[in-house]
Structure formats: C-alpha cells, structure tokens
$ cat protein.cif   # mmCIF, C-alpha atoms; chains and numbers go by the auth columns
data_input
loop_
_atom_site.group_PDB
_atom_site.id
_atom_site.type_symbol
_atom_site.label_atom_id
_atom_site.label_comp_id
_atom_site.label_asym_id
_atom_site.label_seq_id
_atom_site.Cartn_x
_atom_site.Cartn_y
_atom_site.Cartn_z
_atom_site.B_iso_or_equiv
_atom_site.auth_seq_id
_atom_site.auth_asym_id
ATOM 1 C CA MET A 1 0.000 0.000 0.000 0.00 1 A
ATOM 2 C CA SER A 2 1.366 3.425 -0.960 0.00 2 A
ATOM 3 C CA ARG A 3 1.840 6.147 1.633 0.00 3 A
ATOM 4 C CA SER A 4 -0.908 8.295 0.104 0.00 4 A
ATOM 5 C CA SER A 5 -3.383 5.397 0.232 0.00 5 A
ATOM 6 C CA LEU A 6 -2.453 4.754 3.849 0.00 6 A
ATOM 7 C CA TRP A 7 -3.072 8.364 4.835 0.00 7 A
ATOM 8 C CA LEU A 8 -6.358 8.410 2.946 0.00 8 A
ATOM 9 C CA SER A 9 -7.471 5.263 4.754 0.00 9 A
ATOM 10 C CA LEU A 10 -6.549 6.783 8.123 0.00 10 A
ATOM 11 C CA VAL A 11 -8.492 9.954 7.329 0.00 11 A
ATOM 12 C CA VAL A 12 -11.580 7.962 6.344 0.00 12 A
ATOM 13 C CA LEU A 13 -11.323 5.871 9.524 0.00 13 A
ATOM 14 C CA ALA A 14 -10.894 8.992 11.648 0.00 14 A
ATOM 15 C CA LEU A 15 -14.022 10.733 10.369 0.00 15 A
ATOM 16 C CA PRO A 16 -16.537 8.788 12.534 0.00 16 A
ATOM 17 C CA PHE A 17 -14.402 9.304 15.639 0.00 17 A
ATOM 18 C CA THR A 18 -14.157 13.005 14.836 0.00 18 A
ATOM 19 C CA GLY A 19 -17.940 13.201 14.662 0.00 19 A
ATOM 20 C CA VAL A 20 -18.363 11.406 17.988 0.00 20 A
ATOM 21 C CA THR A 21 -15.748 13.680 19.586 0.00 21 A
ATOM 22 C CA PHE A 22 -17.673 16.714 18.347 0.00 22 A
ATOM 23 C CA LEU A 23 -20.931 15.357 19.809 0.00 23 A
ATOM 24 C CA ILE A 24 -19.283 14.678 23.177 0.00 24 A
ATOM 25 C CA TYR A 25 -17.800 18.186 23.226 0.00 25 A
ATOM 26 C CA GLU A 26 -21.134 19.812 22.401 0.00 26 A
ATOM 27 C CA THR A 27 -23.009 17.879 25.107 0.00 27 A
ATOM 28 C CA VAL A 28 -20.632 18.653 27.980 0.00 28 A
ATOM 29 C CA GLY A 29 -22.767 20.215 30.707 0.00 29 A
ATOM 30 C CA PHE A 30 -26.011 19.354 28.914 0.00 30 A
ATOM 31 C CA ASN A 31 -29.025 18.710 31.138 0.00 31 A
ATOM 32 C CA TRP A 32 -30.017 15.238 29.957 0.00 32 A
ATOM 33 C CA SER A 33 -33.396 15.450 31.678 0.00 33 A
ATOM 34 C CA GLU A 34 -34.470 17.837 28.894 0.00 34 A
ATOM 35 C CA LEU A 35 -34.818 14.808 26.611 0.00 35 A
ATOM 36 C CA ASN A 36 -37.589 13.436 28.819 0.00 36 A
ATOM 37 C CA ASP A 37 -40.322 15.413 27.110 0.00 37 A
ATOM 38 C CA GLU A 38 -43.282 14.178 25.120 0.00 38 A
ATOM 39 C CA ALA A 39 -41.852 15.002 21.696 0.00 39 A
ATOM 40 C CA TRP A 40 -38.638 13.000 22.143 0.00 40 A
ATOM 41 C CA ARG A 41 -40.381 10.064 23.827 0.00 41 A
ATOM 42 C CA ALA A 42 -42.993 9.837 21.087 0.00 42 A
ATOM 43 C CA SER A 43 -40.282 10.201 18.453 0.00 43 A
ATOM 44 C CA LEU A 44 -38.267 7.327 19.948 0.00 44 A
ATOM 45 C CA ALA A 45 -41.301 5.034 19.984 0.00 45 A
ATOM 46 C CA VAL A 46 -42.291 5.701 16.375 0.00 46 A
ATOM 47 C CA THR A 47 -38.651 5.503 15.243 0.00 47 A
ATOM 48 C CA LEU A 48 -38.232 2.046 16.777 0.00 48 A
ATOM 49 C CA TYR A 49 -41.520 0.926 15.199 0.00 49 A
ATOM 50 C CA VAL A 50 -40.672 2.175 11.695 0.00 50 A
ATOM 51 C CA THR A 51 -37.023 1.098 11.844 0.00 51 A
ATOM 52 C CA LEU A 52 -37.571 -2.427 13.129 0.00 52 A
ATOM 53 C CA THR A 53 -40.587 -3.078 10.889 0.00 53 A
ATOM 54 C CA SER A 54 -38.836 -1.821 7.762 0.00 54 A
ATOM 55 C CA THR A 55 -35.601 -3.623 8.586 0.00 55 A
ATOM 56 C CA LEU A 56 -37.147 -6.996 9.426 0.00 56 A
ATOM 57 C CA LEU A 57 -39.406 -6.940 6.356 0.00 57 A
ATOM 58 C CA SER A 58 -36.455 -6.021 4.150 0.00 58 A
ATOM 59 C CA LEU A 59 -34.346 -8.830 5.624 0.00 59 A
ATOM 60 C CA MET A 60 -37.061 -11.461 5.156 0.00 60 A
ATOM 61 C CA ILE A 61 -38.051 -10.413 1.627 0.00 61 A
ATOM 62 C CA GLY A 62 -34.459 -9.871 0.506 0.00 62 A
ATOM 63 C CA THR A 63 -33.382 -13.271 1.825 0.00 63 A
ATOM 64 C CA TRP A 64 -36.343 -15.014 0.220 0.00 64 A
ATOM 65 C CA LEU A 65 -35.624 -13.346 -3.128 0.00 65 A
ATOM 66 C CA ALA A 66 -31.922 -14.190 -2.939 0.00 66 A
ATOM 67 C CA ARG A 67 -32.702 -17.837 -2.195 0.00 67 A
ATOM 68 C CA THR A 68 -35.344 -18.062 -4.912 0.00 68 A
ATOM 69 C CA ILE A 69 -33.251 -16.372 -7.583 0.00 69 A
ATOM 70 C CA TYR A 70 -30.185 -18.432 -6.700 0.00 70 A
ATOM 71 C CA MET A 71 -32.105 -21.721 -6.798 0.00 71 A
ATOM 72 C CA LYS A 72 -33.787 -20.874 -10.102 0.00 72 A
ATOM 73 C CA ARG A 73 -30.701 -19.208 -11.631 0.00 73 A
ATOM 74 C CA SER A 74 -32.823 -16.263 -12.761 0.00 74 A
ATOM 75 C CA SER A 75 -30.223 -13.708 -13.845 0.00 75 A
ATOM 76 C CA TRP A 76 -32.708 -11.318 -15.479 0.00 76 A
ATOM 77 C CA LEU A 77 -34.732 -11.064 -12.256 0.00 77 A
ATOM 78 C CA ALA A 78 -31.547 -10.432 -10.290 0.00 78 A
ATOM 79 C CA SER A 79 -30.667 -7.579 -12.636 0.00 79 A
ATOM 80 C CA LEU A 80 -34.176 -6.144 -12.391 0.00 80 A
ATOM 81 C CA LEU A 81 -34.049 -6.257 -8.605 0.00 81 A
ATOM 82 C CA LYS A 82 -31.000 -4.001 -8.493 0.00 82 A
ATOM 83 C CA TRP A 83 -32.742 -1.051 -10.145 0.00 83 A
ATOM 84 C CA PRO A 84 -34.268 0.479 -6.983 0.00 84 A
ATOM 85 C CA MET A 85 -30.746 0.981 -5.649 0.00 85 A
ATOM 86 C CA PHE A 86 -30.109 3.553 -8.385 0.00 86 A
ATOM 87 C CA VAL A 87 -33.063 5.675 -7.220 0.00 87 A
ATOM 88 C CA PRO A 88 -32.155 8.222 -4.500 0.00 88 A
ATOM 89 C CA HIS A 89 -34.212 8.025 -1.327 0.00 89 A
ATOM 90 C CA VAL A 90 -35.660 11.488 -1.869 0.00 90 A
ATOM 91 C CA ALA A 91 -36.773 10.493 -5.382 0.00 91 A
ATOM 92 C CA ALA A 92 -38.305 7.289 -4.020 0.00 92 A
ATOM 93 C CA ALA A 93 -40.141 9.334 -1.398 0.00 93 A
ATOM 94 C CA TYR A 94 -41.625 11.608 -4.072 0.00 94 A
ATOM 95 C CA LEU A 95 -42.571 8.582 -6.175 0.00 95 A
ATOM 96 C CA PHE A 96 -44.454 6.954 -3.316 0.00 96 A
ATOM 97 C CA TYR A 97 -45.983 10.290 -2.354 0.00 97 A
ATOM 98 C CA LEU A 98 -47.453 10.591 -5.845 0.00 98 A
ATOM 99 C CA LEU A 99 -48.647 6.980 -5.785 0.00 99 A
ATOM 100 C CA PHE A 100 -50.384 7.256 -2.428 0.00 100 A
ATOM 101 C CA SER A 101 -51.626 10.847 -2.372 0.00 101 A
ATOM 102 C CA GLY A 102 -54.636 10.255 -4.612 0.00 102 A
ATOM 103 C CA GLY A 103 -55.468 9.753 -8.253 0.00 103 A
ATOM 104 C CA PHE A 104 -54.101 6.224 -8.541 0.00 104 A
ATOM 105 C CA PRO A 105 -55.794 2.822 -8.101 0.00 105 A
ATOM 106 C CA VAL A 106 -53.913 2.185 -4.855 0.00 106 A
ATOM 107 C CA TYR A 107 -55.498 5.252 -3.281 0.00 107 A
ATOM 108 C CA GLY A 108 -57.700 4.216 -0.374 0.00 108 A
ATOM 109 C CA LEU A 109 -55.646 1.182 0.611 0.00 109 A
ATOM 110 C CA PHE A 110 -52.832 3.305 2.056 0.00 110 A
ATOM 111 C CA GLU A 111 -52.360 7.029 2.148 0.00 111 A
ATOM 112 C CA ALA A 112 -49.305 9.223 2.488 0.00 112 A
ATOM 113 C CA ASN A 113 -48.887 11.185 5.722 0.00 113 A
ATOM 114 C CA GLU A 114 -51.005 8.808 7.808 0.00 114 A
ATOM 115 C CA ARG A 115 -50.191 8.102 11.445 0.00 115 A
ATOM 116 C CA ASN A 116 -49.227 4.451 11.009 0.00 116 A
ATOM 117 C CA HIS A 117 -46.351 5.402 8.682 0.00 117 A
ATOM 118 C CA LEU A 118 -47.216 2.517 6.361 0.00 118 A
ATOM 119 C CA VAL A 119 -46.105 4.364 3.229 0.00 119 A
ATOM 120 C CA VAL A 120 -42.818 5.283 4.941 0.00 120 A
ATOM 121 C CA ILE A 121 -42.248 1.617 5.744 0.00 121 A
ATOM 122 C CA LEU A 122 -43.228 0.555 2.225 0.00 122 A
ATOM 123 C CA THR A 123 -40.774 3.052 0.730 0.00 123 A
ATOM 124 C CA TYR A 124 -37.918 1.802 2.872 0.00 124 A
ATOM 125 C CA VAL A 125 -38.726 -1.824 2.075 0.00 125 A
ATOM 126 C CA TRP A 126 -38.744 -1.071 -1.660 0.00 126 A
ATOM 127 C CA LYS A 127 -35.374 0.671 -1.365 0.00 127 A
ATOM 128 C CA GLU A 128 -33.613 -1.687 1.052 0.00 128 A
ATOM 129 C CA VAL A 129 -34.697 -5.116 -0.224 0.00 129 A
ATOM 130 C CA PRO A 130 -32.179 -4.926 -3.133 0.00 130 A
ATOM 131 C CA PHE A 131 -29.426 -4.092 -0.641 0.00 131 A
ATOM 132 C CA VAL A 132 -30.259 -7.146 1.477 0.00 132 A
ATOM 133 C CA PHE A 133 -30.509 -9.241 -1.682 0.00 133 A
ATOM 134 C CA LEU A 134 -26.975 -8.295 -2.757 0.00 134 A
ATOM 135 C CA MET A 135 -25.626 -8.949 0.741 0.00 135 A
ATOM 136 C CA VAL A 136 -27.185 -12.422 0.880 0.00 136 A
ATOM 137 C CA VAL A 137 -26.956 -13.699 -2.681 0.00 137 A
ATOM 138 C CA GLY A 138 -23.163 -13.784 -2.505 0.00 138 A
ATOM 139 C CA THR A 139 -23.372 -16.112 0.478 0.00 139 A
ATOM 140 C CA TYR A 140 -25.655 -18.426 -1.451 0.00 140 A
ATOM 141 C CA GLY A 141 -23.105 -18.468 -4.243 0.00 141 A
ATOM 142 C CA GLN A 142 -20.458 -19.737 -1.805 0.00 142 A
ATOM 143 C CA LEU A 143 -22.596 -22.275 0.049 0.00 143 A
ATOM 144 C CA ASN A 144 -21.153 -25.731 0.555 0.00 144 A
ATOM 145 C CA HIS A 145 -23.691 -27.898 -1.269 0.00 145 A
ATOM 146 C CA GLY A 146 -22.712 -30.837 0.874 0.00 146 A
ATOM 147 C CA TYR A 147 -24.844 -29.463 3.690 0.00 147 A
ATOM 148 C CA LEU A 148 -27.855 -29.120 1.405 0.00 148 A
ATOM 149 C CA ASP A 149 -27.384 -32.624 0.021 0.00 149 A
ATOM 150 C CA MET A 150 -27.087 -34.039 3.529 0.00 150 A
ATOM 151 C CA ALA A 151 -30.274 -32.283 4.631 0.00 151 A
ATOM 152 C CA LYS A 152 -32.131 -33.714 1.631 0.00 152 A
ATOM 153 C CA THR A 153 -30.693 -37.169 2.278 0.00 153 A
ATOM 154 C CA LEU A 154 -32.036 -37.033 5.828 0.00 154 A
ATOM 155 C CA GLN A 155 -35.433 -36.177 4.291 0.00 155 A
ATOM 156 C CA LEU A 156 -35.824 -33.040 6.341 0.00 156 A
ATOM 157 C CA LYS A 157 -38.758 -30.767 5.651 0.00 157 A
ATOM 158 C CA PRO A 158 -38.004 -27.630 3.565 0.00 158 A
ATOM 159 C CA LEU A 159 -38.096 -25.392 6.626 0.00 159 A
ATOM 160 C CA GLU A 160 -35.748 -27.728 8.487 0.00 160 A
ATOM 161 C CA GLN A 161 -33.424 -27.845 5.483 0.00 161 A
ATOM 162 C CA PHE A 162 -33.247 -24.063 5.514 0.00 162 A
ATOM 163 C CA ARG A 163 -32.623 -23.924 9.271 0.00 163 A
ATOM 164 C CA VAL A 164 -29.881 -26.540 9.263 0.00 164 A
ATOM 165 C CA ALA A 165 -28.126 -26.102 5.913 0.00 165 A
ATOM 166 C CA GLU A 166 -28.630 -22.418 5.045 0.00 166 A
ATOM 167 C CA TRP A 167 -29.475 -20.300 8.071 0.00 167 A
ATOM 168 C CA PRO A 168 -26.109 -20.666 9.874 0.00 168 A
ATOM 169 C CA PHE A 169 -24.338 -19.272 6.827 0.00 169 A
ATOM 170 C CA LEU A 170 -26.718 -16.321 6.580 0.00 170 A
ATOM 171 C CA VAL A 171 -26.120 -15.069 10.122 0.00 171 A
ATOM 172 C CA LYS A 172 -23.146 -12.895 9.195 0.00 172 A
ATOM 173 C CA PRO A 173 -24.600 -11.046 6.162 0.00 173 A
ATOM 174 C CA LEU A 174 -27.986 -10.652 7.842 0.00 174 A
ATOM 175 C CA LEU A 175 -26.500 -9.209 11.030 0.00 175 A
ATOM 176 C CA ASP A 176 -24.356 -6.828 8.994 0.00 176 A
ATOM 177 C CA SER A 177 -27.378 -5.800 6.933 0.00 177 A
ATOM 178 C CA PHE A 178 -29.507 -5.389 10.058 0.00 178 A
ATOM 179 C CA TRP A 179 -27.222 -2.835 11.681 0.00 179 A
ATOM 180 C CA VAL A 180 -26.591 -0.966 8.437 0.00 180 A
ATOM 181 C CA LEU A 181 -30.344 -0.571 7.893 0.00 181 A
ATOM 182 C CA VAL A 182 -31.044 0.323 11.514 0.00 182 A
ATOM 183 C CA ALA A 183 -28.327 2.973 11.481 0.00 183 A
ATOM 184 C CA PHE A 184 -29.615 4.497 8.251 0.00 184 A
ATOM 185 C CA ILE A 185 -33.391 4.298 8.676 0.00 185 A
ATOM 186 C CA SER A 186 -33.495 5.406 12.303 0.00 186 A
ATOM 187 C CA PHE A 187 -31.874 8.788 11.646 0.00 187 A
ATOM 188 C CA ALA A 188 -32.823 9.418 8.000 0.00 188 A
ATOM 189 C CA TYR A 189 -34.644 12.592 7.042 0.00 189 A
ATOM 190 C CA GLU A 190 -35.968 12.682 3.467 0.00 190 A
ATOM 191 C CA VAL A 191 -38.513 9.836 3.481 0.00 191 A
ATOM 192 C CA PRO A 192 -40.200 10.497 6.869 0.00 192 A
ATOM 193 C CA ALA A 193 -40.111 14.265 6.296 0.00 193 A
ATOM 194 C CA LEU A 194 -42.112 13.909 3.070 0.00 194 A
ATOM 195 C CA LEU A 195 -44.310 10.917 3.856 0.00 195 A
ATOM 196 C CA GLY A 196 -44.629 11.086 7.639 0.00 196 A
ATOM 197 C CA VAL A 197 -46.769 13.186 9.973 0.00 197 A
ATOM 198 C CA THR A 198 -45.971 16.277 12.006 0.00 198 A
ATOM 199 C CA PHE A 199 -46.385 14.391 15.295 0.00 199 A
ATOM 200 C CA PRO A 200 -44.867 12.087 16.263 0.00 200 A
ATOM 201 C CA GLU A 201 -41.863 12.646 14.020 0.00 201 A
ATOM 202 C CA LEU A 202 -38.978 10.247 13.540 0.00 202 A
ATOM 203 C CA LEU A 203 -35.727 11.078 15.319 0.00 203 A
ATOM 204 C CA GLY A 204 -33.969 12.339 12.201 0.00 204 A
ATOM 205 C CA VAL A 205 -36.760 14.764 11.361 0.00 205 A
ATOM 206 C CA LEU A 206 -37.223 16.032 14.914 0.00 206 A
ATOM 207 C CA ALA A 207 -33.469 16.460 15.438 0.00 207 A
ATOM 208 C CA TYR A 208 -33.146 18.404 12.186 0.00 208 A
ATOM 209 C CA GLU A 209 -36.051 20.675 13.094 0.00 209 A
ATOM 210 C CA ARG A 210 -34.587 21.366 16.524 0.00 210 A
ATOM 211 C CA LEU A 211 -31.287 22.256 14.847 0.00 211 A
ATOM 212 C CA THR A 212 -32.875 24.626 12.336 0.00 212 A
ATOM 213 C CA THR A 213 -35.492 26.422 14.444 0.00 213 A
ATOM 214 C CA GLY A 214 -33.103 29.266 15.207 0.00 214 A
ATOM 215 C CA LEU A 215 -33.153 28.545 18.935 0.00 215 A
ATOM 216 C CA PHE A 216 -29.543 27.739 19.790 0.00 216 A
ATOM 217 C CA LEU A 217 -30.431 25.868 22.976 0.00 217 A
ATOM 218 C CA ASN A 218 -32.422 23.279 21.002 0.00 218 A
ATOM 219 C CA ALA A 219 -29.261 22.271 19.122 0.00 219 A
ATOM 220 C CA PHE A 220 -27.842 20.639 22.228 0.00 220 A
ATOM 221 C CA GLU A 221 -30.874 18.338 22.419 0.00 221 A
ATOM 222 C CA SER A 222 -30.210 17.128 18.870 0.00 222 A
ATOM 223 C CA TYR A 223 -26.522 16.603 19.597 0.00 223 A
ATOM 224 C CA ALA A 224 -27.385 14.621 22.733 0.00 224 A
ATOM 225 C CA VAL A 225 -29.850 12.394 20.868 0.00 225 A
ATOM 226 C CA ALA A 226 -27.347 11.830 18.051 0.00 226 A
ATOM 227 C CA LEU A 227 -24.671 10.848 20.592 0.00 227 A
ATOM 228 C CA ILE A 228 -26.966 8.419 22.425 0.00 228 A
ATOM 229 C CA TRP A 229 -28.104 6.801 19.188 0.00 229 A
ATOM 230 C CA THR A 230 -24.547 6.521 17.879 0.00 230 A
ATOM 231 C CA LEU A 231 -23.441 4.772 21.073 0.00 231 A
ATOM 232 C CA PHE A 232 -26.492 2.500 20.895 0.00 232 A
ATOM 233 C CA ILE A 233 -25.676 1.438 17.320 0.00 233 A
ATOM 234 C CA PHE A 234 -21.997 0.970 18.166 0.00 234 A
ATOM 235 C CA THR A 235 -22.824 -1.134 21.232 0.00 235 A
ATOM 236 C CA GLY A 236 -25.240 -3.263 19.225 0.00 236 A
ATOM 237 C CA VAL A 237 -22.694 -3.888 16.468 0.00 237 A
ATOM 238 C CA VAL A 238 -19.955 -4.855 18.937 0.00 238 A
ATOM 239 C CA ALA A 239 -22.282 -7.093 20.962 0.00 239 A
ATOM 240 C CA SER A 240 -23.522 -8.859 17.827 0.00 240 A
ATOM 241 C CA TYR A 241 -19.995 -9.438 16.599 0.00 241 A
ATOM 242 C CA VAL A 242 -18.762 -10.767 19.955 0.00 242 A
ATOM 243 C CA LEU A 243 -21.735 -13.098 20.434 0.00 243 A
ATOM 244 C CA THR A 244 -21.357 -14.589 16.961 0.00 244 A
ATOM 245 C CA ALA A 245 -17.548 -14.495 16.611 0.00 245 A
ATOM 246 C CA LYS A 246 -17.047 -18.237 17.044 0.00 246 A
ATOM 247 C CA GLN A 247 -19.909 -19.061 14.707 0.00 247 A
ATOM 248 C CA ARG A 248 -18.591 -16.632 12.104 0.00 248 A
ATOM 249 C CA ARG A 249 -15.137 -18.219 12.139 0.00 249 A
ATOM 250 C CA ARG A 250 -16.598 -21.710 11.920 0.00 250 A
ATOM 251 C CA ILE A 251 -18.867 -20.724 9.047 0.00 251 A
ATOM 252 C CA GLU A 252 -16.076 -18.921 7.186 0.00 252 A
ATOM 253 C CA ARG A 253 -14.124 -22.180 7.230 0.00 253 A
ATOM 254 C CA GLY A 254 -17.094 -24.254 6.102 0.00 254 A
ATOM 255 C CA VAL A 255 -18.843 -21.929 3.670 0.00 255 A
ATOM 256 C CA ARG A 256 -16.300 -22.564 0.931 0.00 256 A
ATOM 257 C CA ARG A 257 -16.946 -25.415 -1.417 0.00 257 A
#

$ encode --input "protein.cif" --output "structure tokens"
Amino acid sequence: MSRSSLWLSLVVLALPFTGVTFLIYETVGFNWSELNDEAWRASLAVTLYVTLTSTLLSLMIGTWLARTIYMKRSSWLASLLKWPMFVPHVAAAYLFYLLFSGGFPVYGLFEANERNHLVVILTYVWKEVPFVFLMVVGTYGQLNHGYLDMAKTLQLKPLEQFRVAEWPFLVKPLLDSFWVLVAFISFAYEVPALLGVTFPELLGVLAYERLTTGLFLNAFESYAVALIWTLFIFTGVVASYVLTAKQRRRIERGVRR
C-alpha cells in the first residue's frame, strides 16, 4: 500500500471518531433530563416501530428473493431487482408520495402522511430489499452444497433444510445488513419528512427541526440524541460481533466449497 493510500485510509477511519468527539464536546454540561419530554419520547417510539418493521421486512423479503433467484438461476430477475438501488431516497419518497396521495388505483388502501407510517415503511422496504438481496446472494453463491445434500438425504422438511443447511451461513450477512439498515433508517430525514406526519416525528426529522429552528439551545438536544443513538448502534454492532464471533469463524471455514 502506498503512503498516500495509507493516509487516505486513516483519514476515512478517523471521520466517525471526529464526529463522535464533536458530539461529546457539544453535550458537555447538557441537562439530559431535557430529553424526557413528550416530543422525544414519542419520536423514539415511532422511530423504533418504523425502523424495526422496515428492517425486518427487508431482511425477510431480501433473503427469500436471494434464495429463490439463486435456486432458479434467474439472472434477469436479479438484474431487475437491483434497479431500486439507483433511485435516491428522496426520489423514491416523491414517487411513493405521488402513488399514495390520490389519483391512482392504490389510493384508499394506504395514504401518504397517515399516522401508522405505512407508506414510509413501504418506501424503505422497496429501497432496502435490493441491498439485502446483494448482501445475501453472494453467500448463497459460496454455500457448501454438501450441507444441502445431507439435509435432503435425511429427508428433512423444507423449513428444516433451511434452518440446518442455510441459516447458519446467513447469520453474518444478515447481522451486517440489520445494523446498516437500523443505522440508516433510524436517523434518515428525506422519506419520513415527506411521507410522515408532524407528530410524532422520527428522530432524524425532529433532530433536524430542533437544529434549524433558530433557537440555539435546542441544538444541544439534537446533539445529545445523536450521541446516544450513535453509542447505541456501536454497542449493538460490537455485541452482535462478539456473540457470533465463534460461529462466524466456523462458518467462514465451512462456507467454501
């Protein structure tokens, strides 16, 4: 590795730590009890609901599509599935806003800006399923077919075959995908700002509004929430990696053909 590449890598690695350092500096002396108001509590609840629902649906649908496409060797469907990734989230939000704001056949089933955030969830699922698909389909391409053949030889039911011969190998990409989606969806702005409601707002929207209201004191609330959520994501990633470290190493040795 050249010296310039090394320095560039160090700069990229330092950026997240620089951001965390800034958040810690800005929250020194902050009265944390200020976060215990109705707006932040309601925002946390709806953020967890939207984030977990969108993430789990994306993981299940993306895994099912990856398995189906891999088993059927459907290359054209795999190519088609990648297209949503080329659409920016703000463009996807406008697309779903037009679809669910009236004038289309789907109007009446769901509606944009409704309190259950169903259109927000649907938008995230449409955008994130291709990401999960790409994370998982590579694992299917490296699967040791001996495990699948053994499961079929033992005449296990399809669900049991999946649990024994496929699921252990999917733990790593699914955990990685889970935390990437949670980190992004939970603090995103464009989609919930356009398709959500004014109360309760998701954390990203509420934090941005508190930062841009012109009241300087509100900025510290947003910094504090961003710091807490960053530490939560970091703790979750580390805990997941530690708890599955042995299984990851064992699978990495056995996933190769």

$ closest_residue --input "protein.cif" --among "A:Tyr25, A:Trp7, A:Tyr97, A:Phe184" --to "Thr55 in chain A" --atoms "only C-alpha atoms"
A:Phe184

$ closest_residue --input "protein.cif" --among "A:Ala224, A:Phe178, A:Phe86, A:Ser186" --to "Glu34 in chain A" --atoms "only C-alpha atoms"
A:Ala224

$ closest_residue --input "protein.cif" --among "A:Val225, A:Ala93, A:Val46, A:Leu170" --to "Trp126 in chain A" --atoms "all atoms listed in the file"
A:Ala93

$ closest_residue --input "protein.cif" --among "A:Val120, A:Ala165, A:Leu80, A:Leu95" --to "Leu65 in chain A" --atoms "all atoms listed in the file"
A:Leu80

$ resolve_selection --input "protein.cif" --expression "the PyMOL selection byres ((chain A and resi 61) around 10)" --output "CSV table (one decimal) with C-alpha atoms, keeping the file's coordinate frame"
chain,number,residue,atom,x,y,z
A,56,LEU,CA,-37.1,-7.0,9.4
A,57,LEU,CA,-39.4,-6.9,6.4
A,58,SER,CA,-36.5,-6.0,4.2
A,59,LEU,CA,-34.3,-8.8,5.6
A,60,MET,CA,-37.1,-11.5,5.2
A,62,GLY,CA,-34.5,-9.9,0.5
A,63,THR,CA,-33.4,-13.3,1.8
A,64,TRP,CA,-36.3,-15.0,0.2
A,65,LEU,CA,-35.6,-13.3,-3.1
A,66,ALA,CA,-31.9,-14.2,-2.9
A,67,ARG,CA,-32.7,-17.8,-2.2
A,125,VAL,CA,-38.7,-1.8,2.1
A,126,TRP,CA,-38.7,-1.1,-1.7
A,128,GLU,CA,-33.6,-1.7,1.1
A,129,VAL,CA,-34.7,-5.1,-0.2
A,130,PRO,CA,-32.2,-4.9,-3.1
A,132,VAL,CA,-30.3,-7.1,1.5
A,133,PHE,CA,-30.5,-9.2,-1.7

$ closest_residue --input "protein.cif" --among "A:Asn113, A:Ala226, A:Thr244, A:Ala239" --to "Phe169 in chain A" --atoms "all atoms listed in the file"
A:Thr244

$ atom_distance --input "protein.cif" --atom1 "CA of Leu202 in chain A" --atom2 "CA of Ser43 in chain A"
5.1 Å

$ residues_around --input "protein.cif" --residues "Phe17 in chain A" --least-positions-apart "5" --cutoff "12 Å" --atoms "all atoms listed in the file" --output "MDAnalysis selection string"
chainID A and resid 10:12 22:24 227 230:231 234

$ resolve_selection --input "protein.cif" --expression "the PyMOL selection byres ((chain A and resi 138) around 12)" --output "ChimeraX atom specification"
/A:63,66-67,69-70,78,131-137,139-143,169-170,172-174,255-256

$ atom_distance --input "protein.cif" --atom1 "CA of Ile228 in chain A" --atom2 "CA of Ala39 in chain A"
16.3 Å

$ decode --input "protein.cif" --residues "range 231-236 of chain A" --atoms "all heavy atoms" --output "mmCIF file, in the first residue's frame"
data_model
loop_
_atom_site.group_PDB
_atom_site.id
_atom_site.type_symbol
_atom_site.label_atom_id
_atom_site.label_comp_id
_atom_site.auth_asym_id
_atom_site.auth_seq_id
_atom_site.Cartn_x
_atom_site.Cartn_y
_atom_site.Cartn_z
ATOM 1 N N LEU A 231 -23.967 5.736 20.103
ATOM 2 C CA LEU A 231 -23.441 4.772 21.073
ATOM 3 C C LEU A 231 -24.293 3.507 21.107
ATOM 4 O O LEU A 231 -23.771 2.400 21.274
ATOM 5 C CB LEU A 231 -23.380 5.413 22.465
ATOM 6 C CG LEU A 231 -22.398 6.580 22.613
ATOM 7 C CD1 LEU A 231 -22.487 7.169 24.022
ATOM 8 C CD2 LEU A 231 -20.971 6.127 22.316
ATOM 9 N N PHE A 232 -25.605 3.664 20.930
ATOM 10 C CA PHE A 232 -26.492 2.500 20.895
ATOM 11 C C PHE A 232 -26.163 1.606 19.693
ATOM 12 O O PHE A 232 -26.046 0.379 19.833
ATOM 13 C CB PHE A 232 -27.951 2.963 20.822
ATOM 14 C CG PHE A 232 -28.918 1.874 20.447
ATOM 15 C CD1 PHE A 232 -29.235 0.870 21.332
ATOM 16 C CD2 PHE A 232 -29.504 1.857 19.183
ATOM 17 C CE1 PHE A 232 -30.124 -0.143 20.987
ATOM 18 C CE2 PHE A 232 -30.387 0.855 18.828
ATOM 19 C CZ PHE A 232 -30.693 -0.142 19.735
ATOM 20 N N ILE A 233 -26.008 2.211 18.523
ATOM 21 C CA ILE A 233 -25.676 1.438 17.320
ATOM 22 C C ILE A 233 -24.318 0.775 17.478
ATOM 23 O O ILE A 233 -24.140 -0.418 17.159
ATOM 24 C CB ILE A 233 -25.678 2.350 16.071
ATOM 25 C CG1 ILE A 233 -27.085 2.926 15.827
ATOM 26 C CG2 ILE A 233 -25.198 1.571 14.848
ATOM 27 C CD1 ILE A 233 -28.124 1.922 15.462
ATOM 28 N N PHE A 234 -23.342 1.516 17.986
ATOM 29 C CA PHE A 234 -21.997 0.970 18.166
ATOM 30 C C PHE A 234 -22.010 -0.197 19.148
ATOM 31 O O PHE A 234 -21.382 -1.241 18.891
ATOM 32 C CB PHE A 234 -21.057 2.062 18.672
ATOM 33 C CG PHE A 234 -19.658 1.581 18.937
ATOM 34 C CD1 PHE A 234 -18.773 1.350 17.896
ATOM 35 C CD2 PHE A 234 -19.220 1.365 20.247
ATOM 36 C CE1 PHE A 234 -17.484 0.906 18.143
ATOM 37 C CE2 PHE A 234 -17.937 0.917 20.496
ATOM 38 C CZ PHE A 234 -17.061 0.689 19.445
ATOM 39 N N THR A 235 -22.734 -0.054 20.244
ATOM 40 C CA THR A 235 -22.824 -1.134 21.232
ATOM 41 C C THR A 235 -23.491 -2.360 20.630
ATOM 42 O O THR A 235 -23.057 -3.500 20.857
ATOM 43 C CB THR A 235 -23.603 -0.666 22.462
ATOM 44 O OG1 THR A 235 -22.973 0.488 23.025
ATOM 45 C CG2 THR A 235 -23.656 -1.767 23.526
ATOM 46 N N GLY A 236 -24.546 -2.149 19.858
ATOM 47 C CA GLY A 236 -25.240 -3.263 19.225
ATOM 48 C C GLY A 236 -24.362 -4.004 18.238
ATOM 49 O O GLY A 236 -24.365 -5.242 18.190
#
